[in-house]
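Trainee: Just so it is clear, I am handing over final_5.cif, which has mmCIF, C-alpha atoms and all ligand atoms; chains and numbers go by the auth columns.
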```cif
data_entry
#
loop_
_atom_site.group_PDB
_atom_site.id
_atom_site.type_symbol
_atom_site.label_atom_id
_atom_site.label_comp_id
_atom_site.label_asym_id
_atom_site.label_seq_id
_atom_site.Cartn_x
_atom_site.Cartn_y
_atom_site.Cartn_z
_atom_site.B_iso_or_equiv
_atom_site.auth_seq_id
_atom_site.auth_asym_id
ATOM 1 C CA MET A 1 -46.368 -84.336 27.194 0.00 1 A
ATOM 2 C CA ILE A 2 -48.073 -81.353 28.687 0.00 2 A
ATOM 3 C CA ASP A 3 -50.776 -82.242 31.119 0.00 3 A
ATOM 4 C CA LEU A 4 -53.889 -80.469 30.027 0.00 4 A
ATOM 5 C CA SER A 5 -55.914 -80.441 33.188 0.00 5 A
ATOM 6 C CA ARG A 6 -59.658 -80.156 33.112 0.00 6 A
ATOM 7 C CA ARG A 7 -59.292 -76.650 34.467 0.00 7 A
ATOM 8 C CA GLY A 8 -57.075 -75.919 31.488 0.00 8 A
ATOM 9 C CA PHE A 9 -59.659 -77.235 29.120 0.00 9 A
ATOM 10 C CA ILE A 10 -62.420 -75.187 30.641 0.00 10 A
ATOM 11 C CA CYS A 11 -60.450 -72.004 30.656 0.00 11 A
ATOM 12 C CA GLY A 12 -58.524 -72.475 27.535 0.00 12 A
ATOM 13 C CA CYS A 13 -60.310 -74.491 24.967 0.00 13 A
ATOM 14 C CA LEU A 14 -63.671 -74.089 23.387 0.00 14 A
ATOM 15 C CA ALA A 15 -64.148 -71.307 25.860 0.00 15 A
ATOM 16 C CA CYS A 16 -65.143 -68.950 23.113 0.00 16 A
ATOM 17 C CA GLY A 17 -68.007 -66.691 24.011 0.00 17 A
ATOM 18 C CA LEU A 18 -66.761 -66.125 27.540 0.00 18 A
ATOM 19 C CA VAL A 19 -66.773 -62.406 27.048 0.00 19 A
ATOM 20 C CA GLN A 20 -66.438 -60.339 30.162 0.00 20 A
ATOM 21 C CA PRO A 21 -68.586 -57.320 29.389 0.00 21 A
ATOM 22 C CA ALA A 22 -66.971 -55.205 32.059 0.00 22 A
ATOM 23 C CA LEU A 23 -63.555 -55.780 30.582 0.00 23 A
ATOM 24 C CA GLY A 24 -63.826 -56.692 26.946 0.00 24 A
ATOM 25 C CA GLN A 25 -65.776 -55.196 24.134 0.00 25 A
ATOM 26 C CA THR A 26 -68.406 -57.109 22.298 0.00 26 A
ATOM 27 C CA VAL A 27 -68.148 -57.323 18.572 0.00 27 A
ATOM 28 C CA PRO A 28 -70.982 -56.005 16.438 0.00 28 A
ATOM 29 C CA GLY A 29 -72.748 -58.859 14.695 0.00 29 A
ATOM 30 C CA SER A 30 -70.937 -61.496 16.677 0.00 30 A
ATOM 31 C CA ALA A 31 -73.097 -63.776 18.763 0.00 31 A
ATOM 32 C CA GLY A 32 -71.226 -66.952 19.438 0.00 32 A
ATOM 33 C CA CYS A 33 -67.502 -67.044 19.852 0.00 33 A
ATOM 34 C CA PHE A 34 -65.352 -64.103 20.375 0.00 34 A
ATOM 35 C CA LEU A 35 -62.453 -63.091 22.481 0.00 35 A
ATOM 36 C CA ASN A 36 -62.526 -63.098 26.213 0.00 36 A
ATOM 37 C CA ALA A 37 -59.799 -60.904 27.541 0.00 37 A
ATOM 38 C CA PRO A 38 -59.213 -57.162 27.292 0.00 38 A
ATOM 39 C CA ALA A 39 -55.999 -57.443 25.324 0.00 39 A
ATOM 40 C CA GLN A 40 -57.593 -59.878 22.929 0.00 40 A
ATOM 41 C CA SER A 41 -60.572 -57.614 22.464 0.00 41 A
ATOM 42 C CA ARG A 42 -58.250 -54.833 21.467 0.00 42 A
ATOM 43 C CA GLN A 43 -56.514 -57.179 19.063 0.00 43 A
ATOM 44 C CA LEU A 44 -59.862 -58.137 17.619 0.00 44 A
ATOM 45 C CA ASP A 45 -60.838 -54.531 17.063 0.00 45 A
ATOM 46 C CA GLU A 46 -57.561 -53.944 15.328 0.00 46 A
ATOM 47 C CA PHE A 47 -58.106 -57.023 13.247 0.00 47 A
ATOM 48 C CA ILE A 48 -61.476 -55.853 12.038 0.00 48 A
ATOM 49 C CA SER A 49 -60.033 -52.570 10.938 0.00 49 A
ATOM 50 C CA ARG A 50 -56.745 -53.872 9.590 0.00 50 A
ATOM 51 C CA GLY A 51 -57.894 -57.147 8.088 0.00 51 A
ATOM 52 C CA ILE A 52 -55.720 -60.136 7.487 0.00 52 A
ATOM 53 C CA GLY A 53 -52.588 -57.993 7.548 0.00 53 A
ATOM 54 C CA ARG A 54 -52.581 -57.715 11.341 0.00 54 A
ATOM 55 C CA ARG A 55 -49.153 -58.414 12.697 0.00 55 A
ATOM 56 C CA ASP A 56 -50.203 -61.067 15.203 0.00 56 A
ATOM 57 C CA PHE A 57 -52.597 -62.888 12.893 0.00 57 A
ATOM 58 C CA ALA A 58 -50.047 -65.276 11.490 0.00 58 A
ATOM 59 C CA SER A 59 -50.471 -67.658 8.607 0.00 59 A
ATOM 60 C CA THR A 60 -47.633 -69.835 9.867 0.00 60 A
ATOM 61 C CA THR A 61 -46.770 -71.668 13.070 0.00 61 A
ATOM 62 C CA GLY A 62 -43.081 -71.299 12.298 0.00 62 A
ATOM 63 C CA ASP A 63 -42.793 -75.012 11.572 0.00 63 A
ATOM 64 C CA PRO A 64 -43.028 -75.561 7.788 0.00 64 A
ATOM 65 C CA ASP A 65 -43.677 -79.320 8.054 0.00 65 A
ATOM 66 C CA PHE A 66 -46.469 -78.828 10.563 0.00 66 A
ATOM 67 C CA ASP A 67 -47.860 -75.946 8.493 0.00 67 A
ATOM 68 C CA ARG A 68 -48.147 -78.199 5.471 0.00 68 A
ATOM 69 C CA GLN A 69 -49.988 -80.915 7.405 0.00 69 A
ATOM 70 C CA PHE A 70 -52.167 -78.397 9.222 0.00 70 A
ATOM 71 C CA GLY A 71 -52.978 -76.599 5.966 0.00 71 A
ATOM 72 C CA ARG A 72 -53.960 -79.834 4.253 0.00 72 A
ATOM 73 C CA ALA A 73 -56.132 -80.850 7.201 0.00 73 A
ATOM 74 C CA ILE A 74 -57.863 -77.464 7.269 0.00 74 A
ATOM 75 C CA ILE A 75 -58.549 -77.571 3.533 0.00 75 A
ATOM 76 C CA ARG A 76 -60.124 -80.982 3.955 0.00 76 A
ATOM 77 C CA LEU A 77 -62.151 -79.812 6.952 0.00 77 A
ATOM 78 C CA ALA A 78 -63.210 -76.680 5.039 0.00 78 A
ATOM 79 C CA GLY A 79 -64.506 -78.969 2.299 0.00 79 A
ATOM 80 C CA PHE A 80 -66.611 -80.872 4.818 0.00 80 A
ATOM 81 C CA PHE A 81 -68.156 -77.673 6.174 0.00 81 A
ATOM 82 C CA GLY A 82 -68.344 -75.917 2.802 0.00 82 A
ATOM 83 C CA GLU A 83 -66.765 -72.866 4.399 0.00 83 A
ATOM 84 C CA GLN A 84 -63.633 -70.876 3.664 0.00 84 A
ATOM 85 C CA PRO A 85 -63.184 -68.304 6.407 0.00 85 A
ATOM 86 C CA ALA A 86 -59.975 -66.402 6.954 0.00 86 A
ATOM 87 C CA PHE A 87 -57.886 -68.527 9.307 0.00 87 A
ATOM 88 C CA GLY A 88 -54.883 -67.528 11.327 0.00 88 A
ATOM 89 C CA ILE A 89 -52.756 -68.202 14.360 0.00 89 A
ATOM 90 C CA VAL A 90 -53.046 -65.514 17.009 0.00 90 A
ATOM 91 C CA SER A 91 -50.499 -64.895 19.713 0.00 91 A
ATOM 92 C CA ASP A 92 -52.083 -65.739 23.041 0.00 92 A
ATOM 93 C CA ALA A 93 -48.950 -66.076 25.141 0.00 93 A
ATOM 94 C CA ASP A 94 -50.124 -63.532 27.700 0.00 94 A
ATOM 95 C CA ASP A 95 -53.788 -64.376 27.602 0.00 95 A
ATOM 96 C CA HIS A 96 -56.070 -67.335 27.960 0.00 96 A
ATOM 97 C CA ASP A 97 -55.577 -70.089 25.468 0.00 97 A
ATOM 98 C CA ASN A 98 -58.366 -69.687 23.008 0.00 98 A
ATOM 99 C CA ALA A 99 -59.940 -70.196 19.653 0.00 99 A
ATOM 100 C CA TRP A 100 -62.680 -68.105 18.192 0.00 100 A
ATOM 101 C CA ALA A 101 -64.901 -67.512 15.204 0.00 101 A
ATOM 102 C CA MET A 102 -66.644 -64.397 13.990 0.00 102 A
ATOM 103 C CA PRO A 103 -68.685 -63.415 10.957 0.00 103 A
ATOM 104 C CA GLN A 104 -66.558 -60.416 10.046 0.00 104 A
ATOM 105 C CA THR A 105 -64.703 -61.065 6.808 0.00 105 A
ATOM 106 C CA PRO A 106 -61.359 -59.523 5.954 0.00 106 A
ATOM 107 C CA PRO A 107 -60.501 -58.613 2.369 0.00 107 A
ATOM 108 C CA GLY A 108 -59.758 -61.666 0.292 0.00 108 A
ATOM 109 C CA ALA A 109 -61.653 -64.152 2.436 0.00 109 A
ATOM 110 C CA GLU A 110 -64.963 -65.712 1.506 0.00 110 A
ATOM 111 C CA PHE A 111 -66.898 -65.427 4.755 0.00 111 A
ATOM 112 C CA GLY A 112 -65.954 -65.087 8.399 0.00 112 A
ATOM 113 C CA THR A 113 -62.754 -65.414 10.385 0.00 113 A
ATOM 114 C CA VAL A 114 -61.356 -68.119 12.642 0.00 114 A
ATOM 115 C CA GLY A 115 -58.455 -67.523 15.003 0.00 115 A
ATOM 116 C CA PHE A 116 -56.479 -70.179 16.849 0.00 116 A
ATOM 117 C CA GLY A 117 -54.341 -69.293 19.863 0.00 117 A
ATOM 118 C CA SER A 118 -50.683 -70.162 19.458 0.00 118 A
ATOM 119 C CA THR A 119 -50.311 -71.393 23.038 0.00 119 A
ATOM 120 C CA MET A 120 -53.287 -73.688 22.775 0.00 120 A
ATOM 121 C CA LEU A 121 -52.002 -74.969 19.460 0.00 121 A
ATOM 122 C CA ALA A 122 -48.637 -75.827 20.988 0.00 122 A
ATOM 123 C CA LYS A 123 -50.229 -77.613 23.953 0.00 123 A
ATOM 124 C CA LEU A 124 -52.517 -79.623 21.716 0.00 124 A
ATOM 125 C CA ARG A 125 -49.641 -80.636 19.452 0.00 125 A
ATOM 126 C CA ASP A 126 -48.027 -82.186 22.508 0.00 126 A
ATOM 127 C CA PHE A 127 -51.254 -83.685 23.780 0.00 127 A
ATOM 128 C CA ASP A 128 -52.212 -85.330 20.482 0.00 128 A
ATOM 129 C CA PRO A 129 -49.445 -85.524 17.869 0.00 129 A
ATOM 130 C CA SER A 130 -51.960 -86.930 15.367 0.00 130 A
ATOM 131 C CA GLY A 131 -53.497 -83.460 15.199 0.00 131 A
ATOM 132 C CA MET A 132 -57.070 -84.671 15.569 0.00 132 A
ATOM 133 C CA ALA A 133 -57.593 -82.822 18.862 0.00 133 A
ATOM 134 C CA ILE A 134 -56.491 -79.621 17.129 0.00 134 A
ATOM 135 C CA MET A 135 -58.833 -80.333 14.264 0.00 135 A
ATOM 136 C CA ALA A 136 -61.697 -80.913 16.697 0.00 136 A
ATOM 137 C CA ILE A 137 -61.262 -77.325 17.905 0.00 137 A
ATOM 138 C CA VAL A 138 -61.021 -76.055 14.342 0.00 138 A
ATOM 139 C CA ALA A 139 -64.213 -77.985 13.545 0.00 139 A
ATOM 140 C CA HIS A 140 -66.049 -76.370 16.472 0.00 140 A
ATOM 141 C CA GLU A 141 -65.117 -72.931 15.176 0.00 141 A
ATOM 142 C CA PHE A 142 -66.023 -73.765 11.574 0.00 142 A
ATOM 143 C CA GLY A 143 -69.339 -74.952 13.001 0.00 143 A
ATOM 144 C CA HIS A 144 -69.879 -71.410 14.272 0.00 144 A
ATOM 145 C CA ILE A 145 -69.009 -70.011 10.835 0.00 145 A
ATOM 146 C CA ALA A 146 -71.658 -72.294 9.328 0.00 146 A
ATOM 147 C CA GLN A 147 -74.119 -71.057 11.982 0.00 147 A
ATOM 148 C CA TYR A 148 -73.335 -67.424 11.237 0.00 148 A
ATOM 149 C CA ARG A 149 -73.836 -68.050 7.535 0.00 149 A
ATOM 150 C CA ARG A 150 -77.329 -69.435 8.189 0.00 150 A
ATOM 151 C CA SER A 151 -78.286 -66.996 10.972 0.00 151 A
ATOM 152 C CA ALA A 152 -78.745 -70.095 13.131 0.00 152 A
ATOM 153 C CA ILE A 153 -77.245 -68.770 16.358 0.00 153 A
ATOM 154 C CA ALA A 154 -80.184 -66.488 17.145 0.00 154 A
ATOM 155 C CA GLU A 155 -82.602 -69.215 16.106 0.00 155 A
ATOM 156 C CA LEU A 156 -80.971 -71.806 18.355 0.00 156 A
ATOM 157 C CA ASN A 157 -80.719 -69.486 21.348 0.00 157 A
ATOM 158 C CA GLN A 158 -84.127 -67.866 21.017 0.00 158 A
ATOM 159 C CA GLY A 159 -85.742 -67.581 24.431 0.00 159 A
ATOM 160 C CA GLN A 160 -82.661 -69.026 26.112 0.00 160 A
ATOM 161 C CA PRO A 161 -80.740 -67.335 28.922 0.00 161 A
ATOM 162 C CA ASN A 162 -77.367 -68.285 27.435 0.00 162 A
ATOM 163 C CA VAL A 163 -75.511 -69.524 24.336 0.00 163 A
ATOM 164 C CA ARG A 164 -75.642 -73.172 25.379 0.00 164 A
ATOM 165 C CA ARG A 165 -77.680 -74.436 22.437 0.00 165 A
ATOM 166 C CA SER A 166 -75.507 -72.844 19.737 0.00 166 A
ATOM 167 C CA GLU A 167 -72.384 -74.149 21.500 0.00 167 A
ATOM 168 C CA LEU A 168 -73.842 -77.662 21.749 0.00 168 A
ATOM 169 C CA HIS A 169 -74.762 -77.485 18.069 0.00 169 A
ATOM 170 C CA ALA A 170 -71.146 -76.554 17.221 0.00 170 A
ATOM 171 C CA ASP A 171 -70.089 -79.551 19.342 0.00 171 A
ATOM 172 C CA TYR A 172 -72.522 -81.745 17.417 0.00 172 A
ATOM 173 C CA LEU A 173 -70.971 -80.571 14.138 0.00 173 A
ATOM 174 C CA THR A 174 -67.524 -81.308 15.596 0.00 174 A
ATOM 175 C CA GLY A 175 -68.730 -84.847 16.205 0.00 175 A
ATOM 176 C CA CYS A 176 -70.012 -85.025 12.617 0.00 176 A
ATOM 177 C CA TYR A 177 -66.593 -83.998 11.306 0.00 177 A
ATOM 178 C CA LEU A 178 -64.830 -86.607 13.467 0.00 178 A
ATOM 179 C CA GLY A 179 -67.338 -89.287 12.425 0.00 179 A
ATOM 180 C CA TRP A 180 -66.960 -88.351 8.764 0.00 180 A
ATOM 181 C CA MET A 181 -63.181 -88.583 9.060 0.00 181 A
ATOM 182 C CA LYS A 182 -63.397 -91.946 10.822 0.00 182 A
ATOM 183 C CA ARG A 183 -65.806 -93.340 8.224 0.00 183 A
ATOM 184 C CA ASN A 184 -63.577 -92.241 5.349 0.00 184 A
ATOM 185 C CA GLU A 185 -60.303 -93.195 6.998 0.00 185 A
ATOM 186 C CA PRO A 186 -60.882 -95.979 9.529 0.00 186 A
ATOM 187 C CA ARG A 187 -57.136 -96.050 10.282 0.00 187 A
ATOM 188 C CA ILE A 188 -57.098 -92.635 11.883 0.00 188 A
ATOM 189 C CA SER A 189 -57.475 -92.489 15.623 0.00 189 A
ATOM 190 C CA VAL A 190 -59.905 -90.039 17.142 0.00 190 A
ATOM 191 C CA ARG A 191 -59.227 -91.437 20.616 0.00 191 A
ATOM 192 C CA LEU A 192 -57.206 -88.470 21.869 0.00 192 A
ATOM 193 C CA ALA A 193 -59.568 -86.010 20.229 0.00 193 A
ATOM 194 C CA GLY A 194 -62.344 -87.749 22.155 0.00 194 A
ATOM 195 C CA LYS A 195 -60.276 -87.715 25.317 0.00 195 A
ATOM 196 C CA PHE A 196 -59.706 -84.013 24.837 0.00 196 A
ATOM 197 C CA MET A 197 -63.407 -83.412 24.309 0.00 197 A
ATOM 198 C CA GLU A 198 -64.070 -85.226 27.582 0.00 198 A
ATOM 199 C CA GLY A 199 -62.414 -82.318 29.346 0.00 199 A
ATOM 200 C CA ILE A 200 -64.732 -79.599 28.132 0.00 200 A
ATOM 201 C CA GLY A 201 -67.849 -78.123 29.649 0.00 201 A
ATOM 202 C CA ASP A 202 -68.694 -75.757 32.460 0.00 202 A
ATOM 203 C CA ASN A 203 -71.208 -75.644 35.260 0.00 203 A
ATOM 204 C CA ASP A 204 -71.725 -71.909 35.153 0.00 204 A
ATOM 205 C CA VAL A 205 -75.345 -72.463 34.206 0.00 205 A
ATOM 206 C CA ASN A 206 -76.471 -69.013 35.343 0.00 206 A
ATOM 207 C CA SER A 207 -74.042 -67.250 33.029 0.00 207 A
ATOM 208 C CA GLN A 208 -75.245 -65.998 29.672 0.00 208 A
ATOM 209 C CA HIS A 209 -71.992 -67.440 28.350 0.00 209 A
ATOM 210 C CA HIS A 210 -72.667 -70.942 29.636 0.00 210 A
ATOM 211 C CA HIS A 211 -71.536 -73.392 26.930 0.00 211 A
ATOM 212 C CA GLY A 212 -73.212 -76.513 28.296 0.00 212 A
ATOM 213 C CA THR A 213 -72.231 -78.910 31.019 0.00 213 A
ATOM 214 C CA HIS A 214 -69.581 -81.542 30.530 0.00 214 A
ATOM 215 C CA ASP A 215 -72.195 -84.257 29.960 0.00 215 A
ATOM 216 C CA GLU A 216 -74.208 -82.137 27.534 0.00 216 A
ATOM 217 C CA ARG A 217 -71.174 -81.288 25.447 0.00 217 A
ATOM 218 C CA ILE A 218 -69.905 -84.859 25.305 0.00 218 A
ATOM 219 C CA ALA A 219 -73.373 -86.141 24.427 0.00 219 A
ATOM 220 C CA SER A 220 -73.635 -83.599 21.602 0.00 220 A
ATOM 221 C CA VAL A 221 -70.246 -84.563 20.149 0.00 221 A
ATOM 222 C CA GLU A 222 -71.132 -88.242 20.403 0.00 222 A
ATOM 223 C CA ALA A 223 -74.523 -87.768 18.736 0.00 223 A
ATOM 224 C CA GLY A 224 -72.902 -86.035 15.754 0.00 224 A
ATOM 225 C CA PHE A 225 -70.130 -88.634 15.620 0.00 225 A
ATOM 226 C CA ALA A 226 -72.580 -91.545 15.605 0.00 226 A
ATOM 227 C CA LEU A 227 -74.581 -89.990 12.770 0.00 227 A
ATOM 228 C CA ALA A 228 -71.695 -89.122 10.433 0.00 228 A
ATOM 229 C CA LYS A 229 -69.770 -92.321 11.106 0.00 229 A
ATOM 230 C CA THR A 230 -72.659 -94.351 9.701 0.00 230 A
ATOM 231 C CA GLU A 231 -74.616 -91.971 7.447 0.00 231 A
ATOM 232 C CA ASP A 232 -73.085 -90.429 4.326 0.00 232 A
ATOM 233 C CA LEU A 233 -75.048 -87.163 4.115 0.00 233 A
ATOM 234 C CA VAL A 234 -74.367 -83.711 2.710 0.00 234 A
ATOM 235 C CA PHE A 235 -73.263 -81.120 5.258 0.00 235 A
ATOM 236 C CA GLU A 236 -76.587 -79.297 5.061 0.00 236 A
ATOM 237 C CA ASP A 237 -78.305 -82.416 6.379 0.00 237 A
ATOM 238 C CA TYR A 238 -75.815 -82.842 9.227 0.00 238 A
ATOM 239 C CA PHE A 239 -76.394 -79.190 10.075 0.00 239 A
ATOM 240 C CA SER A 240 -80.181 -79.341 10.106 0.00 240 A
ATOM 241 C CA LEU A 241 -80.375 -82.745 11.803 0.00 241 A
ATOM 242 C CA GLY A 242 -78.019 -81.379 14.447 0.00 242 A
ATOM 243 C CA LYS A 243 -80.177 -78.324 14.926 0.00 243 A
ATOM 244 C CA ALA A 244 -83.289 -80.447 15.324 0.00 244 A
ATOM 245 C CA HIS A 245 -81.464 -82.716 17.765 0.00 245 A
ATOM 246 C CA ILE A 246 -80.277 -79.818 19.936 0.00 246 A
ATOM 247 C CA LEU A 247 -83.671 -78.084 19.923 0.00 247 A
ATOM 248 C CA ARG A 248 -85.384 -81.367 20.766 0.00 248 A
ATOM 249 C CA THR A 249 -82.941 -82.371 23.494 0.00 249 A
ATOM 250 C CA TYR A 250 -82.161 -79.050 25.175 0.00 250 A
HETATM 251 ZN ZN ZN B . -67.969 -72.060 20.568 0.00 301 B
#
```
Show me, as structure tokens, the structure contained in the file I just sent.

Mentor:
Amino acid sequence: MIDLSRRGFICGCLACGLVQPALGQTVPGSAGCFLNAPAQSRQLDEFISRGIGRRDFASTTGDPDFDRQFGRAIIRLAGFFGEQPAFGIVSDADDHDNAWAMPQTPPGAEFGTVGFGSTMLAKLRDFDPSGMAIMAIVAHEFGHIAQYRRSAIAELNQGQPNVRRSELHADYLTGCYLGWMKRNEPRISVRLAGKFMEGIGDNDVNSQHHHGTHDERIASVEAGFALAKTEDLVFEDYFSLGKAHILRTY
């Protein structure tokens, strides 16, 4: 098992939005998660222009059995969120581990794009063979797609010095997804997904890219989990209750 240190979590996972303006390029219309290294920014630009056909935006992990399970899990998750963005595996071997979401839509997709770094995917497969930790990341990114769709990112972050509120709201929606899964399938274990989530957060509170402290992020996931594990609501209600919770709390 690969030891995913806390440092690894902070740098590699759910670190979307950590754009370095001096190095990377921002993406027009993108406000929440995008790529955070120069090479990745170039890849992103290419992706926007070339669409789903980009060479490094793969629709397979190279493992057909895993692909089938992953595909099924994503379809189920997409049903929970009511979203069908383009989704692909992006080579991140030479860059930070990462996952990202953006509102740009390639031909053939319904709305938005989610990318998942291949290195992070491999590490998380080792960390949690059940796949729930991977799906927690996917859920966070689908949460951003749902925010983009509703123009909620600007609303959440209005008057704020950073993107903390929209990130905590995506964490809340991640918790809702995990709670919904647990309520529908009590046999599944979300223990390692929870353990993984315990490693996220940053203390860079003066950065405009601050995603929330460790405690804030965990609390947001737990609040969403507690709601969806007990309350059978439509996604729109989870979304708006989450928004109210984040605005009220932070
Ligand atoms: Zn995010």

Trainee: Name the residues in contact with A:Met120 at a cut-off of 7 Å, using all atoms listed in the file, excluding same-chain residues fewer than 3 positions from it; report them as a VMD selection string.

Mentor: chain A and resid 97 to 98 117 123 to 124

Trainee: Name the closest residue to A:Ala101 among the candidates A:Ala219, A:Ala226, A:Ala73, A:Ile137; distances are taken between atoms, counting all atoms listed in the file.

Mentor: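 Nearest candidate to A:Ala101 out of A:Ala219, A:Ala226, A:Ala73, A:Ile137: A:Ile137.
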
Trainee: What's the separation between atom CA of A:Thr174 and atom CA of A:Phe66, in Å to one decimal place?

Mentor: 21.8 Å

Trainee: Considering all atoms listed in the file, state which residue in the set A:Ile145, A:Ala193, A:Cys176, A:Leu168 is at the smallest distance from A:Ser130.

Mentor: A:Ala193

Trainee: Would you kindly identify which residues have an atom no farther than 10 Å from (-55.5, -79.3, 10.8), using all atoms listed in the file and the file's own coordinates, and write them out as a PyMOL selection string?

Mentor: chain A and resi 66-78+130-139

Trainee: Tell me, in Å to one decimal, how far atom CA of A:Ser166 is from atom CA of A:Asp92.

Mentor: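 Those two atoms sit 24.7 Å apart.
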
Trainee: With all atoms listed in the file as the counted atoms, please give the residues lying no more than 12 Å from A:Gln147, apart from itself and same-chain residues fewer than 3 positions off, as a PyMOL selection string.

Mentor: chain A and resi 30-33+81-83+101-103+111-112+140-144+150-157+165-171+173+236+239-240+242-243
